[in-house]
file upload_28.cif (mmCIF, C-alpha atoms)
data_run
loop_
_atom_site.label_atom_id
_atom_site.label_comp_id
_atom_site.auth_asym_id
_atom_site.auth_seq_id
_atom_site.Cartn_x
_atom_site.Cartn_y
_atom_site.Cartn_z
CA PRO A 1 16.38 1.62 3.03
CA THR A 2 13.27 3.26 1.64
CA MET A 3 9.85 2.25 3.02
CA ARG A 4 11.57 1.44 6.32
CA ALA A 5 11.98 -1.80 4.39
CA HIS A 6 13.95 -3.77 6.97
CA VAL A 7 11.11 -6.26 7.53
CA ALA A 8 10.55 -6.87 3.84
CA MET A 9 14.28 -6.94 3.19
CA LEU A 10 14.89 -9.51 5.92
CA THR A 11 12.03 -11.61 4.60
CA LEU A 12 13.45 -11.64 1.09
CA LEU A 13 16.89 -12.49 2.42
CA GLY A 14 15.54 -15.26 4.61
CA VAL A 15 16.84 -13.62 7.81
CA GLY A 16 14.54 -13.06 10.76
CA ALA A 17 11.47 -13.23 8.56
CA VAL A 18 8.04 -13.27 10.13
CA SER A 19 5.67 -15.83 8.67
CA ASP A 20 2.83 -13.39 8.09
CA ASP A 21 4.81 -10.61 6.45
CA VAL A 22 3.26 -9.25 3.27
CA VAL A 23 6.27 -9.93 1.09
CA SER A 24 6.85 -13.50 2.27
CA THR A 25 3.14 -14.23 1.84
CA PHE A 26 3.29 -12.90 -1.71
CA ILE A 27 6.33 -15.06 -2.50
CA ARG A 28 4.61 -18.16 -1.13
CA ALA A 29 1.54 -17.38 -3.24
CA VAL A 30 3.70 -17.07 -6.36
CA ARG A 31 5.37 -20.40 -5.64
CA ALA A 32 1.98 -22.05 -5.11
CA SER A 33 0.50 -20.71 -8.34
CA PRO A 34 0.24 -23.07 -11.34
CA ALA A 35 2.81 -23.15 -14.11
CA GLY A 36 2.22 -20.45 -16.68
CA SER A 37 0.99 -17.97 -14.08
CA ARG A 38 2.12 -14.36 -14.11
CA ALA A 39 2.94 -12.20 -11.09
CA VAL A 40 4.03 -8.55 -11.00
CA VAL A 41 5.99 -6.51 -8.46
CA MET A 42 5.94 -2.70 -8.67
CA ASP A 43 8.59 -0.78 -6.74
CA VAL A 44 7.21 2.76 -6.99
CA GLY A 45 9.77 5.06 -5.45
CA ALA A 46 12.72 2.72 -5.84
CA ASN A 47 15.27 5.31 -4.69
CA LYS A 48 18.67 3.57 -4.89
CA GLY A 49 17.17 0.11 -5.31
CA ASP A 50 17.69 -1.44 -1.87
CA TRP A 51 14.19 -2.90 -1.71
CA SER A 52 14.30 -4.34 -5.25
CA ARG A 53 17.82 -5.77 -5.13
CA PRO A 54 16.94 -9.06 -3.33
CA TRP A 55 14.24 -9.98 -5.86
CA GLY A 56 16.72 -11.37 -8.40
CA PRO A 57 16.73 -14.97 -7.08
CA HIS A 58 12.94 -15.04 -6.88
CA ILE A 59 12.61 -13.85 -10.48
CA ALA A 60 15.04 -16.54 -11.59
CA ALA A 61 13.30 -19.24 -9.54
CA ALA A 62 9.91 -18.35 -10.99
CA HIS A 63 11.33 -18.59 -14.51
CA ARG A 64 12.82 -22.03 -13.81
CA GLU A 65 9.47 -23.24 -12.51
CA GLY A 66 7.57 -22.05 -15.57
CA ARG A 67 6.08 -18.88 -14.06
CA GLU A 68 6.58 -15.24 -14.97
CA LEU A 69 7.56 -12.84 -12.20
CA SER A 70 8.05 -9.29 -13.49
CA LEU A 71 9.59 -6.48 -11.45
CA PHE A 72 9.21 -2.81 -12.41
CA LEU A 73 11.23 -0.07 -10.70
CA PHE A 74 9.94 3.52 -10.86
CA GLU A 75 12.36 6.26 -9.77
CA PRO A 76 12.54 9.85 -11.06
CA GLN A 77 15.79 10.97 -9.42
CA PRO A 78 18.38 11.30 -12.22
CA VAL A 79 21.21 10.59 -9.79
CA PHE A 80 20.02 6.98 -9.50
CA HIS A 81 19.34 6.31 -13.20
CA GLU A 82 22.67 4.72 -14.05
CA SER A 83 22.85 2.43 -11.01
CA LEU A 84 19.21 1.37 -11.33
CA THR A 85 19.68 0.61 -15.02
CA VAL A 86 22.57 -1.70 -14.10
CA LEU A 87 20.59 -3.28 -11.27
CA ALA A 88 17.54 -3.92 -13.43
CA LYS A 89 19.66 -5.61 -16.07
CA ARG A 90 21.39 -7.79 -13.48
CA ILE A 91 18.19 -9.07 -11.83
CA ASN A 92 16.13 -9.23 -15.05
CA ALA A 93 13.81 -6.37 -14.08
CA THR A 94 12.56 -3.25 -15.86
CA PHE A 95 13.57 0.25 -14.77
CA LEU A 96 11.39 3.26 -15.62
CA PRO A 97 13.10 6.64 -14.94
CA VAL A 98 9.81 8.45 -14.36
CA ALA A 99 7.75 10.09 -11.66
CA VAL A 100 4.18 8.92 -11.10
CA GLY A 101 1.03 10.98 -10.63
CA ASN A 102 -2.65 11.27 -11.44
CA HIS A 103 -1.91 12.56 -14.94
CA ALA A 104 0.98 12.76 -17.39
CA GLY A 105 3.30 15.73 -17.11
CA THR A 106 6.80 16.91 -16.24
CA VAL A 107 8.46 17.35 -12.85
CA VAL A 108 11.68 18.63 -11.37
CA MET A 109 13.29 17.06 -8.31
CA HIS A 110 13.64 19.13 -5.14
CA GLY A 111 15.82 18.12 -2.21
CA ALA A 112 19.31 16.80 -1.63
CA ALA A 113 20.66 14.42 -4.26
CA ARG A 114 20.42 10.76 -3.23
CA SER A 115 18.02 11.73 -0.45
CA VAL A 116 15.10 9.42 0.26
CA GLU A 117 13.07 12.57 0.87
CA ALA A 118 13.68 14.25 -2.49
CA LYS A 119 10.33 15.33 -3.91
CA ALA A 120 8.99 15.65 -7.44
CA VAL A 121 7.43 19.06 -8.12
CA GLU A 122 5.37 19.42 -11.28
CA VAL A 123 6.45 21.90 -13.94
CA ASP A 124 3.78 24.17 -15.42
CA ARG A 125 2.47 22.48 -18.58
CA SER A 126 2.43 25.67 -20.61
CA ALA A 127 6.12 26.23 -19.85
CA VAL A 128 6.97 22.73 -21.06
CA GLU A 129 4.94 23.22 -24.25
CA GLU A 130 6.72 26.52 -24.88
CA GLN A 131 10.11 24.87 -24.48
CA GLY A 132 9.11 22.13 -26.89
CA GLN A 133 11.09 19.55 -24.94
CA VAL A 134 12.02 18.41 -21.46
CA ARG A 135 15.02 20.38 -20.26
CA ALA A 136 17.93 19.11 -18.18
CA GLY A 137 16.80 18.39 -14.64
CA GLN A 138 13.21 17.82 -15.70
CA VAL A 139 11.71 14.33 -15.54
CA GLU A 140 8.70 12.78 -17.23
CA MET A 141 5.68 12.04 -15.03
CA ILE A 142 3.29 9.28 -16.06
CA ASP A 143 -0.31 8.58 -15.11
CA LEU A 144 0.20 5.54 -12.88
CA ALA A 145 -3.40 4.35 -13.17
CA GLU A 146 -3.11 4.36 -16.96
CA TRP A 147 0.18 2.46 -16.77
CA MET A 148 -1.43 -0.16 -14.53
CA ARG A 149 -4.33 -0.60 -16.96
CA GLU A 150 -1.91 -1.14 -19.83
CA HIS A 151 0.68 -3.35 -18.13
CA LEU A 152 -0.98 -5.35 -15.35
CA PRO A 153 -2.83 -8.57 -16.14
CA PRO A 154 -6.63 -8.26 -16.29
CA LEU A 155 -8.52 -8.80 -13.03
CA GLU A 156 -10.18 -11.96 -14.31
CA THR A 157 -6.81 -13.71 -14.68
CA GLY A 158 -6.30 -13.73 -10.92
CA ALA A 159 -2.70 -12.62 -11.33
CA LEU A 160 -0.74 -11.71 -8.19
CA VAL A 161 0.39 -8.08 -7.97
CA LEU A 162 2.56 -6.59 -5.21
CA LEU A 163 2.73 -2.79 -5.07
CA LYS A 164 5.28 -1.03 -2.87
CA LEU A 165 4.45 2.68 -2.87
CA ASP A 166 6.82 5.27 -1.40
CA VAL A 167 6.20 8.58 -3.14
CA GLU A 168 7.39 10.93 -0.40
CA GLY A 169 4.22 12.77 0.46
CA THR A 170 2.27 12.71 -2.79
CA GLU A 171 0.32 9.58 -1.85
CA TRP A 172 -2.56 11.75 -0.59
CA LYS A 173 -3.08 12.92 -4.19
CA LEU A 174 -2.18 9.67 -5.95
CA LEU A 175 -4.13 7.09 -3.94
CA PRO A 176 -7.63 8.54 -4.55
CA TRP A 177 -6.87 8.54 -8.28
CA LEU A 178 -5.67 4.93 -8.23
CA LEU A 179 -8.77 3.88 -6.35
CA MET A 180 -11.18 5.81 -8.59
CA GLN A 181 -9.50 4.41 -11.70
CA GLY A 182 -9.49 0.84 -10.36
CA GLY A 183 -5.72 0.60 -10.10
CA LEU A 184 -5.66 -0.44 -6.45
CA CYS A 185 -8.28 -3.10 -7.14
CA ARG A 186 -5.74 -4.84 -9.39
CA VAL A 187 -3.26 -5.06 -6.49
CA THR A 188 -3.28 -8.14 -4.27
CA TYR A 189 -0.53 -7.12 -1.83
CA LEU A 190 0.23 -3.54 -0.85
CA LEU A 191 3.13 -1.90 1.02
CA LEU A 192 2.38 1.75 1.61
CA GLU A 193 4.46 4.45 3.30
CA TRP A 194 2.51 7.43 4.59
CA HIS A 195 3.87 11.00 4.86
CA ILE A 196 1.08 13.09 6.41
CA ASN A 197 3.62 15.66 7.61
CA PHE A 198 4.78 16.20 4.02
CA ALA A 199 1.36 17.39 2.85
CA PRO A 200 0.85 21.18 2.67
CA PRO A 201 -0.56 22.36 6.04
CA ALA A 202 -3.85 23.40 4.44
CA ARG A 203 -4.37 19.87 3.12
CA ARG A 204 -2.92 17.87 6.01
CA LEU A 205 -6.32 17.20 7.55
CA GLU A 206 -7.62 15.56 4.39
CA ALA A 207 -4.41 13.51 4.18
CA LEU A 208 -5.10 12.24 7.70
CA GLY A 209 -8.70 11.53 6.72
CA LEU A 210 -7.49 9.46 3.78
CA ARG A 211 -5.19 7.47 6.04
CA LEU A 212 -7.97 6.74 8.52
CA ALA A 213 -10.52 5.84 5.83
CA PHE A 214 -8.16 3.91 3.56
CA HIS A 215 -9.05 0.45 4.88
CA ASN A 216 -12.76 0.94 4.23
CA LEU A 217 -12.18 2.67 0.90
CA LEU A 218 -10.38 -0.43 -0.34
CA ARG A 219 -13.04 -2.76 1.02
CA ASP A 220 -16.02 -0.85 -0.32
CA GLY A 221 -14.47 0.73 -3.41
CA CYS A 222 -13.26 -2.41 -5.19
CA PRO A 223 -15.51 -4.94 -6.92
CA HIS A 224 -16.38 -8.08 -4.98
CA LYS A 225 -13.39 -10.31 -4.22
CA THR A 226 -10.85 -7.87 -5.69
CA GLY A 227 -8.37 -5.50 -4.12
CA PRO A 228 -5.47 -6.14 -1.72
CA ARG A 229 -5.51 -9.27 0.38
CA MET A 230 -2.89 -7.80 2.69
CA VAL A 231 -1.74 -4.25 3.39
CA TRP A 232 1.24 -2.97 5.35
CA HIS A 233 0.90 0.65 6.43
CA ASP A 234 4.21 2.27 7.29
CA ASP A 235 3.28 5.10 9.68
CA TRP A 236 6.82 6.05 10.65
CA PRO A 237 6.42 8.74 13.37
CA MET A 238 8.86 11.20 11.82
CA ASN A 239 6.67 11.28 8.70
CA ASN A 240 3.26 11.29 10.35
CA PHE A 241 3.31 12.64 13.90
CA GLY A 242 4.48 15.75 15.74
CA ASP A 243 3.46 18.37 13.17
CA ILE A 244 0.34 20.49 13.57
CA ILE A 245 -2.71 19.47 11.53
CA PRO A 246 -4.62 22.73 11.01
CA GLY A 247 -8.32 22.35 11.71
CA LEU A 248 -8.10 19.04 13.59
CA ALA A 249 -8.68 20.45 17.09
CA GLU A 250 -11.49 22.67 15.83
CA MET A 251 -13.15 19.75 14.07
CA LEU A 252 -13.00 17.62 17.22
CA GLN A 253 -14.53 20.40 19.28
CA GLU A 254 -17.33 20.90 16.79
CA ARG A 255 -18.05 17.18 16.67
CA GLU A 256 -18.37 17.03 20.45
CA ARG A 257 -20.32 20.26 20.86
CA LEU A 258 -23.74 19.97 22.45
CA ASP A 259 -26.14 22.86 23.12
CA GLY A 260 -23.55 25.36 22.04
CA ARG A 261 -20.93 24.22 24.54
CA LEU A 262 -18.60 21.30 25.15
CA ASP A 263 -20.28 18.64 27.23
CA GLU A 264 -17.84 15.76 27.16
CA SER A 265 -19.44 13.95 30.10
CA ARG A 266 -22.86 13.98 28.46
CA MET A 267 -21.42 12.83 25.13
CA ALA A 268 -19.50 9.94 26.69
CA ASN A 269 -22.52 8.86 28.75
CA HIS A 270 -24.68 8.90 25.62
CA LYS A 271 -22.16 6.76 23.75
CA ARG A 272 -21.91 4.37 26.68
CA ARG A 273 -25.69 3.79 26.68
CA GLN A 274 -25.73 3.56 22.89
CA THR A 275 -22.98 0.96 22.74
CA ALA A 276 -24.50 -0.99 25.63
CA ALA A 277 -27.60 -1.41 23.48
CA ALA A 278 -25.41 -2.58 20.60
CA VAL A 279 -23.81 -5.17 22.88
CA LEU A 280 -27.22 -6.56 23.84
CA HIS A 281 -28.32 -6.65 20.20
CA SER A 282 -25.10 -8.41 19.15
CA ALA A 283 -25.57 -11.02 21.87
CA LYS A 284 -29.19 -11.54 20.88
CA VAL A 285 -28.66 -12.08 17.17
CA GLY A 286 -25.37 -13.90 17.68
CA ILE A 287 -23.72 -12.61 14.50
CA ARG A 288 -21.15 -10.02 13.54
CA ASP A 289 -21.16 -7.61 10.66
CA PRO A 290 -20.36 -9.74 7.56
CA ASP A 291 -18.04 -7.01 6.32
CA CYS A 292 -16.00 -7.46 9.49
CA GLU A 293 -15.74 -11.16 8.83
CA ALA A 294 -14.77 -10.65 5.20
CA ILE A 295 -11.89 -8.27 5.79
CA THR A 296 -10.66 -7.32 9.22
CA CYS A 297 -7.92 -5.09 10.48
CA ARG A 298 -5.91 -8.05 11.70
CA ALA A 299 -6.17 -9.70 8.30
CA ILE A 300 -4.42 -6.81 6.60
CA HIS A 301 -2.21 -5.37 9.35
CA LYS A 302 0.11 -8.34 9.65
CA VAL A 303 3.35 -6.49 10.26
CA THR A 304 2.68 -3.38 12.31
CA ASN A 305 -0.11 -1.07 13.46
CA SER A 306 -2.63 -1.07 16.26
CA CYS A 307 -6.02 -2.48 15.33
CA THR A 308 -7.93 -0.97 18.27
CA PHE A 309 -10.08 1.45 16.33
CA PHE A 310 -10.80 -1.01 13.53
CA ASP A 311 -11.76 -3.62 16.13
CA MET A 312 -14.13 -1.13 17.77
CA GLY A 313 -15.97 -0.88 14.47
CA CYS A 314 -16.66 -4.61 14.54
CA ASP A 315 -16.91 -5.35 18.27
CA PRO A 316 -19.69 -3.63 20.24
CA VAL A 317 -18.28 -4.97 23.52
CA LEU A 318 -14.91 -3.31 22.94
CA THR A 319 -16.59 -0.06 21.89
CA HIS A 320 -18.77 -0.08 25.01
CA GLN A 321 -15.75 -0.67 27.23
CA PHE A 322 -13.90 2.21 25.57
CA TYR A 323 -16.67 4.74 26.17
CA SER A 324 -17.21 3.46 29.72
CA VAL A 325 -13.56 4.16 30.49
CA GLN A 326 -13.80 7.60 28.89
CA GLN A 327 -16.88 8.38 30.97
CA HIS A 328 -15.14 7.30 34.19
CA ARG A 329 -12.12 9.46 33.42
CA ARG A 330 -14.23 12.54 32.74
CA VAL A 331 -16.37 12.08 35.85
CA THR A 332 -13.41 11.46 38.15
CA GLY A 333 -11.18 14.05 36.52
CA THR A 334 -8.39 11.56 35.81
CA ALA A 335 -6.03 12.12 32.87
CA ARG A 336 -7.33 11.14 29.50
#

call {"tool": "encode", "arguments": {"input": "upload_28.cif", "output": "structure tokens"}}
result
Amino acid sequence: PTMRAHVAMLTLLGVGAVSDDVVSTFIRAVRASPAGSRAVVMDVGANKGDWSRPWGPHIAAAHREGRELSLFLFEPQPVFHESLTVLAKRINATFLPVAVGNHAGTVVMHGAARSVEAKAVEVDRSAVEEQGQVRAGQVEMIDLAEWMREHLPPLETGALVLLKLDVEGTEWKLLPWLLMQGGLCRVTYLLLEWHINFAPPARRLEALGLRLAFHNLLRDGCPHKTGPRMVWHDDWPMNNFGDIIPGLAEMLQERERLDGRLDESRMANHKRRQTAAAVLHSAKVGIRDPDCEAITCRAIHKVTNSCTFFDMGCDPVLTHQFYSVQQHRRVTGTAR
């Protein structure tokens, strides 16, 4: 299924579910909300509907208990329109046969029909205006941030919103727009599939930068006490590793360059002394960075992902140990 959705799917089906999975946590939160509450699920990149299909019983249960649980499916591939229309009607959801982007426009689908990797490529606006209408094979693209402003409950209502985003490589253009427009701050639970390898080579480095900075962008970019409570990053290796990222090696060399040459031993030794001082300071004051307490890697990476580098940002002891090991390896000549 799309989004490598086996964990979420199993959770919804009640089979092999893990207690801290994003989807099961969202469902528990909906069930615990007072009568009259509204919750929204957005399946952006629904493909053939595998991820949305199990939501039917939960929508029905919410209705019986006096709550509103709305599910919206977004999928531009025409080959899935008929089946998704039927599915949406059967589970009481809403299907939107559109692509999503950072502005309104028109796209055509590229790739094999029924492929989870089919991509939406924007059509030149002037060509569409000249035609006067959308031709066969062309699909409407909506501004997703605008849609969220118009259809999601206001922030002050405290409504629960689950966003599953699988846009096959255009997330590196869409996510900054959603953050700048406040769309991501309206989301309380986020499932996000990354496709760094799908970005054009010239822009792959910035896509990687977005992935690495995304946690802090959410924390610092949303108003106080808003934004996702939990995030699942799907970093499937085939989509994110193995391809060259132009400029990455050069950037690393430049960042480590001292006195016009690479001096890795000196750099590591400097970091070791620097982080040792941070350890002593942390022990003296006896407190951690309040931002680290408010939202930590382990609080939002409940399903997968290593938290090592996030933990280093909050734990001077771990950072010191890391640089001490790096220094030892460089001095002794052991493999990195």

call {"tool": "resolve_selection", "arguments": {"input": "upload_28.cif", "expression": "the PyMOL selection byres ((chain A and resi 240-250) around 8)", "output": "VMD selection string"}}
result
chain A and resid 194 to 197 201 to 202 204 to 205 235 to 239 251 to 254

call {"tool": "residues_near_point", "arguments": {"input": "upload_28.cif", "point": "(14.8, -6.4, -8.9)", "cutoff": "6 Å", "atoms": "only C-alpha atoms", "output": "PyMOL selection string"}}
result
chain A and resi 52-53+55-56+71+88+91+93

call {"tool": "atom_distance", "arguments": {"input": "upload_28.cif", "atom1": "atom CA of A:Thr85", "atom2": "atom CA of A:Met42"}}
result
15.5 Å

call {"tool": "resolve_selection", "arguments": {"input": "upload_28.cif", "expression": "the PyMOL selection byres ((chain A and resi 107) around 8)", "output": "ChimeraX atom specification"}}
result
/A:99,105-106,108-109,120-123,138-141

call {"tool": "closest_residue", "arguments": {"input": "upload_28.cif", "among": "A:Ile27, A:Ala39, A:Val100, A:Val86", "to": "A:His151", "atoms": "all atoms listed in the file"}}
result
A:Ala39

call {"tool": "resolve_selection", "arguments": {"input": "upload_28.cif", "expression": "the PyMOL selection byres ((chain A and resi 213-220) around 8)", "output": "list of chain:residue names"}}
result
A:Leu179, A:Leu184, A:Cys185, A:Gly209, A:Leu210, A:Arg211, A:Leu212, A:Gly221, A:Cys222, A:Pro223, A:Gly227, A:Pro228, A:Ile295, A:Cys297

call {"tool": "atom_distance", "arguments": {"input": "upload_28.cif", "atom1": "atom CA of A:Ala61", "atom2": "atom CA of A:Val187"}}
result
22.0 Å

call {"tool": "residues_around", "arguments": {"input": "upload_28.cif", "residues": "A:Asn92", "least_positions_apart": "2", "cutoff": "9 Å", "atoms": "only C-alpha atoms", "output": "ChimeraX atom specification"}}
result
/A:56,59-60,70-71,87-90,94

call {"tool": "atom_distance", "arguments": {"input": "upload_28.cif", "atom1": "atom CA of A:Trp147", "atom2": "atom CA of A:Pro57"}}
result
25.9 Å

call {"tool": "closest_residue", "arguments": {"input": "upload_28.cif", "among": "A:Leu144, A:Arg229, A:Pro97, A:Asp21", "to": "A:Val161", "atoms": "all atoms listed in the file"}}
result
A:Arg229
